[in-house]
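K.L.:
query.cif (mmCIF, C-alpha atoms) pasted underneath:
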data_input
#
loop_
_atom_site.label_atom_id
_atom_site.label_comp_id
_atom_site.auth_asym_id
_atom_site.auth_seq_id
_atom_site.Cartn_x
_atom_site.Cartn_y
_atom_site.Cartn_z
CA MET Z 1182 3.29 13.42 -13.05
CA THR Z 1183 0.18 11.97 -14.58
CA PHE Z 1184 -2.77 10.28 -12.97
CA ALA Z 1185 -4.14 6.98 -14.14
CA GLY Z 1186 -7.63 7.42 -12.70
CA ILE Z 1187 -9.36 5.52 -9.92
CA ASN Z 1188 -11.46 2.43 -10.49
CA HIS Z 1189 -13.96 2.57 -7.66
CA LEU Z 1190 -15.18 -0.96 -8.19
CA ALA Z 1191 -11.61 -2.08 -7.60
CA VAL Z 1192 -11.53 -0.01 -4.43
CA LEU Z 1193 -14.72 -1.63 -3.14
CA VAL Z 1194 -13.52 -5.14 -3.91
CA ALA Z 1195 -10.16 -4.40 -2.31
CA ALA Z 1196 -11.85 -3.17 0.86
CA VAL Z 1197 -14.13 -6.20 1.06
CA VAL Z 1198 -11.27 -8.64 0.45
CA SER Z 1199 -9.03 -7.06 3.06
CA TRP Z 1200 -11.88 -6.83 5.55
CA LEU Z 1201 -12.60 -10.55 5.13
CA PHE Z 1202 -8.90 -11.20 5.61
CA GLY Z 1203 -9.06 -9.27 8.87
CA ALA Z 1204 -11.98 -11.36 10.06
CA VAL Z 1205 -10.09 -14.57 9.25
CA TRP Z 1206 -6.87 -13.28 10.78
CA TYR Z 1207 -8.30 -12.20 14.11
CA GLY Z 1208 -10.69 -15.14 14.11
CA SER Z 1209 -7.87 -17.62 13.95
CA LEU Z 1210 -5.51 -15.64 16.19
CA GLY Z 1211 -8.20 -14.63 18.68
CA LYS Z 1212 -6.61 -16.43 21.58
CA TYR Z 1213 -3.18 -14.87 21.03
CA TRP Z 1214 -4.65 -11.47 20.41
CA MET Z 1215 -6.59 -11.49 23.65
CA ALA Z 1216 -3.50 -12.68 25.49
CA ALA Z 1217 -1.52 -9.83 23.96
CA LEU Z 1218 -4.22 -7.43 25.02
CA GLY Z 1219 -4.27 -8.85 28.48
CA LYS Z 1220 -8.02 -9.17 28.50
CA THR Z 1221 -10.49 -12.01 28.54
CA ARG Z 1222 -13.27 -12.61 26.09
CA GLU Z 1223 -15.84 -11.56 28.69
CA GLU Z 1224 -14.12 -8.26 29.30
CA LEU Z 1225 -13.95 -7.49 25.60
CA GLN Z 1226 -17.55 -8.35 24.93
CA ALA Z 1227 -18.80 -6.47 27.94
CA GLY Z 1228 -16.77 -3.40 27.10
CA GLY Z 1229 -17.43 -2.69 23.48
CA ALA Z 1230 -20.14 -2.91 20.89
CA ASN Z 1231 -18.83 -5.64 18.67
CA PRO Z 1232 -20.78 -4.89 15.47
CA VAL Z 1233 -19.53 -1.31 15.58
CA MET Z 1234 -15.97 -2.55 15.50
CA PHE Z 1235 -16.57 -4.42 12.26
CA ILE Z 1236 -18.22 -1.41 10.66
CA VAL Z 1237 -15.42 0.92 11.73
CA ALA Z 1238 -12.92 -1.53 10.34
CA PHE Z 1239 -14.73 -1.74 7.02
CA VAL Z 1240 -15.06 2.01 6.61
CA ALA Z 1241 -11.40 2.43 7.50
CA GLN Z 1242 -10.37 -0.12 4.94
CA LEU Z 1243 -12.55 1.52 2.33
CA ILE Z 1244 -10.72 4.79 2.96
CA MET Z 1245 -7.42 2.96 2.87
CA ALA Z 1246 -8.18 1.30 -0.44
CA GLU Z 1247 -9.26 4.61 -1.97
CA MET Z 1248 -6.11 6.38 -0.81
CA LEU Z 1249 -3.95 3.48 -1.93
CA ALA Z 1250 -5.61 3.55 -5.32
CA GLY Z 1251 -4.91 7.27 -5.60
CA LEU Z 1252 -1.32 6.74 -4.60
CA ILE Z 1253 -0.81 3.90 -7.08
CA GLY Z 1254 -2.62 5.88 -9.76
CA HIS Z 1255 -0.08 8.64 -9.33
CA LEU Z 1256 2.63 6.31 -10.51
CA GLY Z 1257 1.27 7.14 -13.92
CA PRO Z 1258 -0.52 5.22 -16.66
CA GLY Z 1259 1.37 2.15 -17.72
CA GLN Z 1260 3.01 1.96 -14.33
CA VAL Z 1261 0.08 0.31 -12.61
CA SER Z 1262 0.86 -3.36 -12.30
CA ILE Z 1263 0.31 -5.96 -9.63
CA LYS Z 1264 3.96 -5.87 -8.69
CA ASN Z 1265 4.14 -2.06 -8.45
CA ALA Z 1266 0.87 -1.91 -6.56
CA MET Z 1267 1.97 -4.44 -3.99
CA ILE Z 1268 5.38 -2.83 -3.64
CA SER Z 1269 3.74 0.55 -3.04
CA ALA Z 1270 1.43 -1.03 -0.48
CA ALA Z 1271 4.37 -2.64 1.28
CA PHE Z 1272 6.22 0.68 1.42
CA VAL Z 1273 3.17 2.42 2.83
CA TRP Z 1274 2.92 -0.27 5.48
CA PHE Z 1275 6.56 -0.05 6.39
CA GLY Z 1276 6.73 3.71 6.45
CA PHE Z 1277 3.45 4.72 8.02
CA VAL Z 1278 1.58 1.81 9.52
CA LEU Z 1279 4.36 -0.09 11.24
CA THR Z 1280 6.00 3.09 12.46
CA VAL Z 1281 2.80 4.44 13.95
CA LEU Z 1282 1.95 1.10 15.57
CA VAL Z 1283 5.38 0.71 17.10
CA THR Z 1284 5.38 4.25 18.46
CA ASN Z 1285 1.85 4.31 19.80
CA HIS Z 1286 1.99 0.84 21.28
CA GLY Z 1287 5.32 1.65 22.83
CA PHE Z 1288 4.02 4.70 24.57
CA GLN Z 1289 0.98 2.88 25.84
CA GLY Z 1290 2.88 -0.06 27.21
CA ALA Z 1291 1.30 -2.60 24.92
CA LYS Z 1292 2.91 -6.00 24.60
CA ARG Z 1293 5.26 -6.73 21.72
CA GLU Z 1294 2.95 -9.57 20.57
CA LEU Z 1295 0.20 -7.05 20.00
CA THR Z 1296 2.35 -5.00 17.68
CA LEU Z 1297 3.28 -8.18 15.83
CA ILE Z 1298 -0.30 -9.36 15.44
CA ASP Z 1299 -1.66 -5.97 14.46
CA GLY Z 1300 1.32 -5.14 12.29
CA ALA Z 1301 1.10 -8.39 10.37
CA HIS Z 1302 -2.64 -7.91 10.00
CA TRP Z 1303 -2.22 -4.51 8.37
CA LEU Z 1304 0.56 -5.81 6.16
CA GLY Z 1305 -1.80 -8.50 4.91
CA VAL Z 1306 -4.55 -5.94 4.44
CA LEU Z 1307 -2.38 -3.57 2.44
CA LEU Z 1308 -0.76 -6.28 0.34
CA LEU Z 1309 -4.17 -7.75 -0.50
CA GLN Z 1310 -5.52 -4.33 -1.40
CA GLY Z 1311 -2.46 -3.72 -3.57
CA LEU Z 1312 -3.00 -7.06 -5.25
CA VAL Z 1313 -6.66 -6.37 -6.01
CA LEU Z 1314 -5.99 -2.83 -7.19
CA GLY Z 1315 -3.14 -4.04 -9.38
CA LEU Z 1316 -5.33 -6.78 -10.84
CA PHE Z 1317 -8.16 -4.41 -11.65
CA GLY Z 1318 -5.78 -1.80 -12.93
CA VAL Z 1319 -6.77 0.96 -10.52
CA MET P 1323 22.66 11.80 -1.21
CA ASP P 1324 25.74 11.04 -3.26
CA LEU P 1325 27.00 7.50 -3.08
CA THR P 1326 29.99 7.91 -5.37
CA ALA P 1327 32.46 7.68 -2.50
CA ILE P 1328 31.00 4.35 -1.45
CA GLU P 1329 30.76 3.23 -5.05
CA ASP P 1330 34.46 3.99 -5.61
CA LYS P 1331 35.46 1.97 -2.58
CA LEU P 1332 33.34 -0.94 -3.73
CA LYS P 1333 34.76 -0.75 -7.23
CA ALA P 1334 38.23 -0.95 -5.76
CA MET P 1335 37.10 -4.22 -4.20
CA GLY P 1336 35.65 -5.39 -7.49
CA LEU P 1337 32.01 -4.94 -6.41
CA GLU P 1338 29.23 -2.74 -7.65
CA LEU P 1339 26.19 -1.15 -6.11
CA PRO P 1340 22.95 -2.13 -7.80
CA ALA P 1341 22.00 0.66 -10.16
CA GLN P 1342 18.61 1.01 -8.56
CA LEU P 1343 20.11 1.58 -5.12
CA ALA P 1344 22.35 4.34 -6.38
CA HIS P 1345 19.37 5.88 -8.10
CA TYR P 1346 17.10 5.82 -5.09
CA ALA P 1347 19.85 7.09 -2.81
CA GLY P 1348 20.43 9.91 -5.23
CA GLU P 1349 16.84 10.93 -4.77
CA ILE P 1350 17.23 11.40 -1.02
CA ASN P 1351 17.93 14.89 0.19
CA SER P 1352 19.59 14.09 3.50
CA THR P 1353 19.68 17.70 4.66
CA ALA P 1354 15.96 18.03 4.13
CA ILE P 1355 15.30 14.73 5.86
CA LEU P 1356 17.33 15.72 8.88
CA ALA P 1357 15.54 19.06 9.10
CA ALA P 1358 12.15 17.38 8.70
CA LEU P 1359 13.03 14.89 11.44
CA VAL P 1360 14.02 17.58 13.89
CA ALA P 1361 10.94 19.64 13.04
CA GLY P 1362 8.73 16.58 13.50
CA TRP P 1363 10.23 15.78 16.88
CA ILE P 1364 9.81 19.36 18.05
CA VAL P 1365 6.19 19.43 16.93
CA GLY P 1366 5.50 16.09 18.63
CA PHE P 1367 7.13 17.26 21.81
CA ILE P 1368 5.11 20.49 21.86
CA TRP P 1369 1.86 18.67 21.09
CA TYR P 1370 2.17 16.15 23.90
CA ALA P 1371 3.37 18.85 26.26
CA LEU P 1372 0.16 20.75 25.44
CA VAL P 1373 -2.23 17.81 25.73
CA GLY P 1374 -0.26 15.75 28.23
CA ASP P 1375 -2.91 15.90 30.95
CA VAL P 1376 -5.74 15.08 28.60
CA TRP P 1377 -3.70 12.22 27.16
CA ALA P 1378 -3.07 10.80 30.60
CA ASP P 1379 -6.80 10.95 31.34
CA GLU P 1380 -7.78 9.26 28.12
CA ALA P 1381 -5.05 6.66 28.43
CA SER P 1382 -5.80 5.79 32.02
CA GLY P 1383 -6.68 2.17 32.53
CA SER P 1384 -5.17 1.08 29.25
CA GLY P 1385 -1.95 -0.32 30.63
CA LYS P 1386 1.24 1.11 31.98
CA SER P 1387 2.09 4.43 30.51
CA GLY P 1388 3.54 7.72 31.55
CA ALA P 1389 6.82 6.58 33.01
CA PHE P 1390 9.69 7.75 30.84
CA SER P 1391 11.38 4.82 29.18
CA PRO P 1392 14.44 5.35 26.99
CA ARG P 1393 13.62 2.28 24.95
CA ARG P 1394 10.28 3.74 23.92
CA GLN P 1395 11.83 7.01 22.96
CA ILE P 1396 14.42 5.23 20.87
CA PHE P 1397 11.90 3.05 19.08
CA GLY P 1398 9.68 6.05 18.52
CA GLY P 1399 12.65 7.96 17.20
CA ILE P 1400 13.64 5.22 14.80
CA ALA P 1401 10.05 4.97 13.65
CA GLN P 1402 10.01 8.66 12.88
CA VAL P 1403 13.26 8.38 10.91
CA VAL P 1404 11.71 5.65 8.79
CA MET P 1405 8.59 7.72 8.32
CA THR P 1406 10.53 10.76 7.15
CA ILE P 1407 12.50 8.81 4.59
CA MET P 1408 9.38 7.08 3.32
CA LEU P 1409 7.49 10.36 3.08
CA SER P 1410 10.35 11.84 1.11
CA SER P 1411 10.43 8.84 -1.22
CA PHE P 1412 6.71 8.97 -1.82
CA MET P 1413 6.84 12.66 -2.55
CA THR P 1414 9.48 12.03 -5.17
CA ARG P 1415 7.74 9.00 -6.68
CA LEU P 1416 4.43 10.80 -6.97
CA GLY P 1417 5.98 13.97 -8.29
CA TYR P 1418 4.89 16.17 -5.40
CA THR P 1419 8.17 17.79 -4.59
CA GLY P 1420 7.20 21.31 -3.54
CA ALA P 1421 6.12 22.51 -0.11
CA TYR P 1422 2.45 22.33 -1.06
CA GLY P 1423 3.04 18.96 -2.65
CA GLY P 1424 4.61 17.80 0.57
CA VAL P 1425 1.52 18.75 2.54
CA HIS P 1426 -0.69 17.06 -0.06
CA THR P 1427 1.25 13.82 0.14
CA ALA P 1428 1.43 13.94 3.92
CA TRP P 1429 -2.31 14.44 4.23
CA LEU P 1430 -3.09 11.65 1.77
CA LEU P 1431 -0.90 9.26 3.70
CA TRP P 1432 -2.22 10.42 7.04
CA PHE P 1433 -5.87 10.24 6.07
CA GLY P 1434 -5.58 6.94 4.32
CA PHE P 1435 -3.28 4.99 6.55
CA VAL P 1436 -2.38 6.61 9.83
CA MET P 1437 -5.75 7.92 10.91
CA THR P 1438 -7.56 4.77 9.81
CA ILE P 1439 -5.17 2.43 11.57
CA ILE P 1440 -5.29 4.37 14.79
CA PHE P 1441 -9.06 4.48 14.93
CA VAL P 1442 -9.52 0.83 14.05
CA ASN P 1443 -6.88 -0.45 16.44
CA TYR P 1444 -7.99 1.75 19.28
CA ALA P 1445 -11.61 0.74 18.80
CA ASN P 1446 -10.55 -2.90 18.93
CA LEU P 1447 -8.54 -2.27 22.04
CA GLY P 1448 -11.42 -0.54 23.76
CA LYS P 1449 -9.56 2.70 24.07
CA ARG P 1450 -11.38 5.96 24.20
CA VAL P 1451 -12.05 8.05 21.15
CA GLY P 1452 -10.32 10.97 22.81
CA LEU P 1453 -7.08 9.02 22.86
CA ALA P 1454 -7.43 8.12 19.20
CA LEU P 1455 -8.06 11.76 18.39
CA ILE P 1456 -5.04 12.96 20.33
CA ASP P 1457 -2.70 10.43 18.76
CA SER P 1458 -4.13 10.92 15.27
CA ILE P 1459 -3.75 14.66 15.44
CA HIS P 1460 -0.22 14.23 16.71
CA TRP P 1461 0.68 12.31 13.56
CA LEU P 1462 -1.21 14.79 11.41
CA LEU P 1463 0.85 17.65 12.78
CA VAL P 1464 4.10 15.74 12.54
CA LEU P 1465 3.46 14.56 8.98
CA THR P 1466 2.31 17.99 7.84
CA VAL P 1467 5.39 19.67 9.22
CA MET P 1468 7.63 17.03 7.69
CA GLY P 1469 5.91 17.42 4.33
CA VAL P 1470 6.33 21.18 4.39
CA VAL P 1471 9.99 21.00 5.39
CA LEU P 1472 10.86 18.31 2.85
CA GLY P 1473 9.05 20.13 0.08
CA ALA P 1474 10.38 23.55 0.98
CA PHE P 1475 13.97 22.38 1.17
CA ASN P 1476 13.68 20.87 -2.28
CA GLN P 1477 11.96 23.93 -3.61
CA TRP P 1478 14.56 26.30 -2.21
CA GLY P 1479 17.41 24.07 -3.28
CA ILE P 1480 18.80 23.47 0.19
CA GLY P 1481 20.74 20.23 0.21
CA VAL P 1482 20.47 18.14 -2.92
CA PRO P 1483 17.59 19.24 -5.14
CA VAL P 1484 15.59 16.13 -5.82
CA GLN P 1485 14.11 15.48 -9.21
CA ALA P 1486 11.96 12.51 -9.98
CA SER P 1487 13.09 10.40 -12.83
CA ALA P 1488 12.46 6.85 -13.83
CA PRO P 1489 14.78 4.42 -12.07
CA PRO P 1490 17.09 2.46 -14.36
CA ALA P 1491 15.92 -0.96 -15.44
CA ALA P 1492 17.49 -3.79 -13.48
CA THR P 1493 19.56 -4.89 -16.46
CA SER P 1494 21.11 -1.54 -17.26
CA GLN P 1495 24.74 -0.59 -16.60
CA PRO P 1496 25.71 0.64 -13.12
CA ALA P 1497 26.61 4.07 -14.39
CA ALA P 1498 22.96 4.88 -15.03
CA THR P 1499 22.00 8.46 -15.61
CA THR P 1500 20.49 10.30 -12.69
CA THR P 1501 19.40 13.89 -12.80
CA THR P 1502 20.42 14.88 -9.29
CA SER P 1503 23.42 17.03 -8.61
CA SER P 1504 26.21 15.86 -6.33
CA GLY P 1505 27.15 17.01 -2.88
CA GLY P 1506 24.31 15.66 -0.69
#
Show this structure as structure tokens.

P.N.:
Amino acid sequence: MTFAGINHLAVLVAAVVSWLFGAVWYGSLGKYWMAALGKTREELQAGGANPVMFIVAFVAQLIMAEMLAGLIGHLGPGQVSIKNAMISAAFVWFGFVLTVLVTNHGFQGAKRELTLIDGAHWLGVLLLQGLVLGLFGV
Amino acid sequence: MDLTAIEDKLKAMGLELPAQLAHYAGEINSTAILAALVAGWIVGFIWYALVGDVWADEASGSGKSGAFSPRRQIFGGIAQVVMTIMLSSFMTRLGYTGAYGGVHTAWLLWFGFVMTIIFVNYANLGKRVGLALIDSIHWLLVLTVMGVVLGAFNQWGIGVPVQASAPPAATSQPAATTTTSSGG
């Protein structure tokens, strides 16, 4: 097992790209997302501090990109390619993101649409991060 | 997990398993996975039994919850099966096959992907931080236990000892070399 090293610029770019994707995703699906949540725009804006949400999301995706880079790096030098990176990202999504979402949403009585919207969002996030990391070469 | 029985049947029909599938299946220690699953379920059960009241408080007002629903349990169970197999695969791919390696992999995956997702999604949903903490720690405990069990079983040679090796290239012959022993 050898480690190919982490390219932190790649990690930063990956986080920014996936965060922008999230903004686009929820921006365009806002109506459906709120319906899946069962809340109105007024309720959401009254309840939470919106800027904080964006910051939390960015920090989370920074952590995610760093961990993903570490994971991909562990495939070994010469094994880091766009295809391998995106495949790893997809496996991570399937094994740990989708599973957690399905379980937690299930136990909280969330609507199926919410799991779909959130699940697809994270798939996009992880695939994009894998793409960027693969391009940069981790 | 040894697929030779299935492979023989397929050969009798004139078909072949893709070499990569046989290779990846050979890397799965089904005994360890089963043990890790059971351990994970027990840990999850104990955790939510311990924090059940706190969870109900934190989850109040966030939609219907609490009532026992078989469908939820089944989906949750399937999810945990998937998670165990994926954790095992990642441990093998990354070369962390011992008990300590299992914990290391589990924590990397938890910190990077489970904890982050939970906090982001819960913040978006307006749920309380306490709920995010409870659910995150649940997964931390479950993943840690699964990592330890998977790694320990491989280390102690219970079930099929799993060794990481490069999967065969897609164009190679079906009878590709794998370094795992039979009898999974």

K.L.:
Let me make sure I understand: among P:Thr1326, P:Thr1406, P:Ser1458, P:Gln1395, which one has the smallest atom-to-atom distance to Trp1377 (chain P) if we use all atoms listed in the file?

P.N.:
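Comparing P:Thr1326, P:Thr1406, P:Ser1458, P:Gln1395 against Trp1377 (chain P), the winner is P:Ser1458.
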
K.L.:
With distances taken over all atoms listed in the file, which residue among P:Ile1355, P:Val1436, P:Leu1447, P:Ala1474 lies nearest Ala1291 (chain Z)?

P.N.:
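With all atoms listed in the file as the atom set, the closest residue is P:Leu1447.
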
K.L.:
How many Å lie between CA of Gly1203 (chain Z) and CA of Leu1416 (chain P), rounded to one decimal?

P.N.:
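Going from CA of Gly1203 (chain Z) over to CA of Leu1416 (chain P), I get 28.9 Å.
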
K.L.:
Residues within 12 Å of Phe1275 (chain Z), please, as a PyMOL selection string. Count all atoms listed in the file; anything in the same chain fewer than 6 positions from it doesn't count.

P.N.:
(chain Z and resi 1268-1269+1281-1283+1300-1301+1303-1305+1307-1308) or (chain P and resi 1401-1409+1435-1436)

K.L.:
Can I get the selection written as a PDB file, in the frame of the given file, with C-alpha atoms?

P.N.:
ATOM      1  CA  ILE Z1268       5.380  -2.830  -3.640  1.00  0.00           C
ATOM      2  CA  SER Z1269       3.740   0.550  -3.040  1.00  0.00           C
ATOM      3  CA  VAL Z1281       2.800   4.440  13.950  1.00  0.00           C
ATOM      4  CA  LEU Z1282       1.950   1.100  15.570  1.00  0.00           C
ATOM      5  CA  VAL Z1283       5.380   0.710  17.100  1.00  0.00           C
ATOM      6  CA  GLY Z1300       1.320  -5.140  12.290  1.00  0.00           C
ATOM      7  CA  ALA Z1301       1.100  -8.390  10.370  1.00  0.00           C
ATOM      8  CA  TRP Z1303      -2.220  -4.510   8.370  1.00  0.00           C
ATOM      9  CA  LEU Z1304       0.560  -5.810   6.160  1.00  0.00           C
ATOM     10  CA  GLY Z1305      -1.800  -8.500   4.910  1.00  0.00           C
ATOM     11  CA  LEU Z1307      -2.380  -3.570   2.440  1.00  0.00           C
ATOM     12  CA  LEU Z1308      -0.760  -6.280   0.340  1.00  0.00           C
TER      13      LEU Z1308
ATOM     14  CA  ALA P1401      10.050   4.970  13.650  1.00  0.00           C
ATOM     15  CA  GLN P1402      10.010   8.660  12.880  1.00  0.00           C
ATOM     16  CA  VAL P1403      13.260   8.380  10.910  1.00  0.00           C
ATOM     17  CA  VAL P1404      11.710   5.650   8.790  1.00  0.00           C
ATOM     18  CA  MET P1405       8.590   7.720   8.320  1.00  0.00           C
ATOM     19  CA  THR P1406      10.530  10.760   7.150  1.00  0.00           C
ATOM     20  CA  ILE P1407      12.500   8.810   4.590  1.00  0.00           C
ATOM     21  CA  MET P1408       9.380   7.080   3.320  1.00  0.00           C
ATOM     22  CA  LEU P1409       7.490  10.360   3.080  1.00  0.00           C
ATOM     23  CA  PHE P1435      -3.280   4.990   6.550  1.00  0.00           C
ATOM     24  CA  VAL P1436      -2.380   6.610   9.830  1.00  0.00           C
TER      25      VAL P1436
END

K.L.:
CA of Ile1350 (chain P) to CA of Met1245 (chain Z): how many Å, to one decimal?

P.N.:
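Result for CA of Ile1350 (chain P) versus CA of Met1245 (chain Z): 26.3 Å, one decimal.
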
K.L.:
Go through Z:Ala1204, Z:Leu1190, Z:Val1198, Z:Leu1252 one by one, measure the shortest atom-to-atom distance of each to chain P using all atoms listed in the file, and give the residue with the smallest value.

P.N.:
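Closest to chain P of all the choices is Z:Leu1252.
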
K.L.:
Starting from the PyMOL selection byres ((chain Z and resi 1313-1317) around 6), expand the selection into actual residues of this file and give them as a PyMOL selection string.

P.N.:
chain Z and resi 1191+1195+1262-1263+1266+1310-1312+1318-1319

K.L.:
So which one's closest to Arg1450 (chain P), P:Lys1331, P:Gly1362, P:Ala1371, P:Glu1380? Using only C-alpha atoms, please.

P.N.:
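Closest candidate: P:Glu1380.
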
K.L.:
Sort by chain and increasing residue number a table of all residues of chain P within 10 Å of chain Z, each with its closest pair of atoms and their distance in Å to one decimal, counting all atoms listed in the file, and write it as a tab-separated table.

P.N.:
residue	atom	partner	partner_atom	distance
P:Ala1381	CA	Z:Gln1289	CA	7.6
P:Ser1382	CA	Z:Gln1289	CA	9.6
P:Ser1384	CA	Z:Gln1289	CA	7.3
P:Gly1385	CA	Z:Gly1290	CA	5.9
P:Lys1386	CA	Z:Gly1290	CA	5.2
P:Ser1387	CA	Z:Gln1289	CA	5.0
P:Gly1388	CA	Z:Phe1288	CA	7.6
P:Ala1389	CA	Z:Phe1288	CA	9.1
P:Phe1390	CA	Z:Phe1288	CA	9.0
P:Ser1391	CA	Z:Phe1288	CA	8.7
P:Arg1393	CA	Z:Gly1287	CA	8.6
P:Arg1394	CA	Z:Gly1287	CA	5.5
P:Gln1395	CA	Z:Phe1288	CA	8.3
P:Ile1396	CA	Z:Thr1284	CA	9.4
P:Phe1397	CA	Z:Thr1284	CA	6.7
P:Gly1398	CA	Z:Thr1284	CA	4.7
P:Gly1399	CA	Z:Thr1284	CA	8.3
P:Ile1400	CA	Z:Thr1280	CA	8.3
P:Ala1401	CA	Z:Thr1280	CA	4.6
P:Gln1402	CA	Z:Thr1280	CA	6.9
P:Val1403	CA	Z:Thr1280	CA	9.1
P:Val1404	CA	Z:Gly1276	CA	5.8
P:Met1405	CA	Z:Gly1276	CA	4.8
P:Thr1406	CA	Z:Gly1276	CA	8.0
P:Ile1407	CA	Z:Gly1276	CA	7.9
P:Met1408	CA	Z:Gly1276	CA	5.3
P:Leu1409	CA	Z:Gly1276	CA	7.5
P:Ser1411	CA	Z:Phe1272	CA	9.6
P:Phe1412	CA	Z:Val1273	CA	8.8
P:Arg1415	CA	Z:Leu1256	CA	6.9
P:Leu1416	CA	Z:His1255	CA	5.5
P:Gly1417	CA	Z:Met1182	CA	5.5
P:Tyr1418	CA	Z:Met1182	CA	8.3
P:Thr1427	CA	Z:Leu1252	CA	8.9
P:Leu1430	CA	Z:Met1248	CA	6.6
P:Leu1431	CA	Z:Met1248	CA	7.5
P:Trp1432	CA	Z:Phe1277	CA	8.1
P:Phe1433	CA	Z:Met1248	CA	7.9
P:Gly1434	CA	Z:Met1245	CA	4.6
P:Phe1435	CA	Z:Met1245	CA	5.9
P:Val1436	CA	Z:Val1278	CA	6.2
P:Met1437	CA	Z:Ala1241	CA	8.6
P:Thr1438	CA	Z:Ala1241	CA	5.1
P:Ile1439	CA	Z:Val1278	CA	7.1
P:Ile1440	CA	Z:Leu1282	CA	8.0
P:Phe1441	CA	Z:Val1237	CA	8.0
P:Val1442	CA	Z:Ala1238	CA	5.6
P:Asn1443	CA	Z:Asp1299	CA	7.9
P:Tyr1444	CA	Z:Met1234	CA	9.8
P:Ala1445	CA	Z:Met1234	CA	6.4
P:Asn1446	CA	Z:Met1234	CA	6.4
P:Leu1447	CA	Z:Leu1218	CA	7.4
P:Gly1448	CA	Z:Gly1229	CA	6.4
P:Lys1449	CA	Z:Gly1229	CA	9.6
P:Asp1457	CA	Z:Asn1285	CA	7.7
P:Ser1458	CA	Z:Val1281	CA	9.6
P:Trp1461	CA	Z:Val1281	CA	8.2
P:Leu1465	CA	Z:Phe1277	CA	9.9
P:Ala1486	CA	Z:Met1182	CA	9.2

K.L.:
One decimal, Å: what's the distance from CA of Leu1309 (chain Z) over to CA of Tyr1207 (chain Z), could you say?

P.N.:
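CA of Tyr1207 (chain Z) lies at a distance of 15.8 Å from CA of Leu1309 (chain Z).
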
K.L.:
Might I get the box with edges along x, y and z of the file that holds all atoms of region 1397-1404 of chain P listed there, padded by 3 Å on every side, given as centre and edge lengths in Å to one decimal, as JSON?

P.N.:
{"center_x": 11.7, "center_y": 5.9, "center_z": 13.9, "size_x": 10.0, "size_y": 11.6, "size_z": 16.3}
